Amino acid sequence: MRVLLYGTEGIGKSTFAAAAPSPIFLASEDGTAELDVARFPPPRVWTDVLDAIAELTTGEHEYRTLVIDTLDWLEPICWAHVVEQARDPKIKSIEGFGYGKGYQAALDAWRVFLAALEHLRNVRGMHVIMVAHAWIKPFANPEGDSYDRYELKLNAKAAGALKEWSDAVLFARYETFTLKDDRKRVRGVSSGARVIHTQRTAAWDSKNRYDLPDTLPLDWNAFAEAVAARRPVDASVSRGRIDALLERADEALRAIVRDTVVKAGEDAAQLARIADRLAAKINLQTEVGP
């Protein structure tokens, strides 16, 4: 699985990752010092990061999960690499490239990083868990009033690529409720429970390709069990089922479904839902007639 977990400081993100199968941490901060886990030496330069992934890809080991902890501590190392690669004495920081150009160059470096992780998964079958902090940023709502929301504590270009690559983007927080007193003042009350959210809301970005419940405990075993219980059939199986069903559909419905399938890509959960809805629609048409 490709998991990106982000949330507020100290909530237990590293502990969640440490409970994954046979993990090894590539940690650029010391937040895992109290955890009894295997670690690479803290990366000092960007090539240290890529070398560690390459070592896991080609070397002999029994690790089953690579944990990147944290992405936002890794980002300055990426930026320093981009500045160094520019080989221009006038460029001394990521902002020195000109408006937005440095962050675009950094995005290219992140894509190399993601390609290395994907190769690791394909060759060694390892889980990848990426951990990050959250910050609160204003959101310009195109449909109404703007508001604040939690986002990955990363440049927006990098955050977009990392979220797109991940199978699950999980937002971790303390379960909180709001209550009004007799003077109608609103106060927040926490249950003390630590939870992860798996679906996007106005307040945070989340997603998953496993059709998970909206909320789960902040616990690797609970997450893995939920994935195992709800994991959809392989995408190719759903595609085959859709193709067979489309032979019984009229041309207009075929066009709509094919367009929806293209948008779903390799999202197995979405393809399974498309197949289910298509079967229900065709069965209904069969029962009632044209």
# chains A, B, ... in the order shown; residues from 1 in each chain; ligands from 1

$ residues_around --residues "Ile242 in chain A" --least-positions-apart "6" --cutoff "8 Å" --atoms "only C-alpha atoms" --output "ChimeraX atom specification"
/A:274-275,278

$ residues_around --residues "Leu212 in chain A" --least-positions-apart "3" --cutoff "9 Å" --atoms "only C-alpha atoms" --output "PyMOL selection string"
chain A and resi 198-199+208-209+215-216+223+226-227+230-231

$ select_by_dssp --residues "range 20-237 of chain A" --states "strand (DSSP E)" --output "MDAnalysis selection string"
chainID A and resid 23:27 38:39 65:69 127:139 147:152 168:180 186:197 207:208 215:217

$ closest_residue --among "A:Leu66, A:Ala106, A:Lys90, A:Lys13" --to "Ala159 in chain A" --atoms "only C-alpha atoms"
A:Ala106

$ residues_around --residues "Leu4 in chain A" --least-positions-apart "4" --cutoff "9 Å" --atoms "only C-alpha atoms" --output "compact mmCIF listing (two decimals) with C-alpha atoms, in the first residue's frame"
# COMPACT_ATOMS: atom_id res chain seq x y z
CA VAL A 128 5.36 2.78 1.67
CA ILE A 129 4.13 5.08 4.42
CA MET A 130 4.87 8.80 4.10
CA VAL A 131 4.31 10.91 7.21
CA ALA A 132 3.84 14.69 7.24
CA LEU A 162 2.46 13.06 -3.40
CA LYS A 163 -1.30 12.88 -2.77
CA SER A 166 -0.83 7.62 -2.74
CA ASP A 167 -3.54 4.95 -2.42
CA ALA A 168 -4.68 6.48 0.87
CA VAL A 169 -4.29 10.03 2.14
CA LEU A 170 -5.22 9.98 5.83
CA PHE A 171 -5.74 13.00 8.08

$ closest_residue --among "A:Val82, A:Val49, A:Leu114, A:Ala222" --to "Gly102 in chain A" --atoms "only C-alpha atoms"
A:Val82

$ residues_around --residues "range 139-143 of chain A" --least-positions-apart "3" --cutoff "12 Å" --atoms "only C-alpha atoms" --output "list in words"
Ile136, Ser146, Tyr147, Asp148, Arg149, Tyr150, Glu151, Ala202, Ala203, Trp204 and Asp205 of chain A
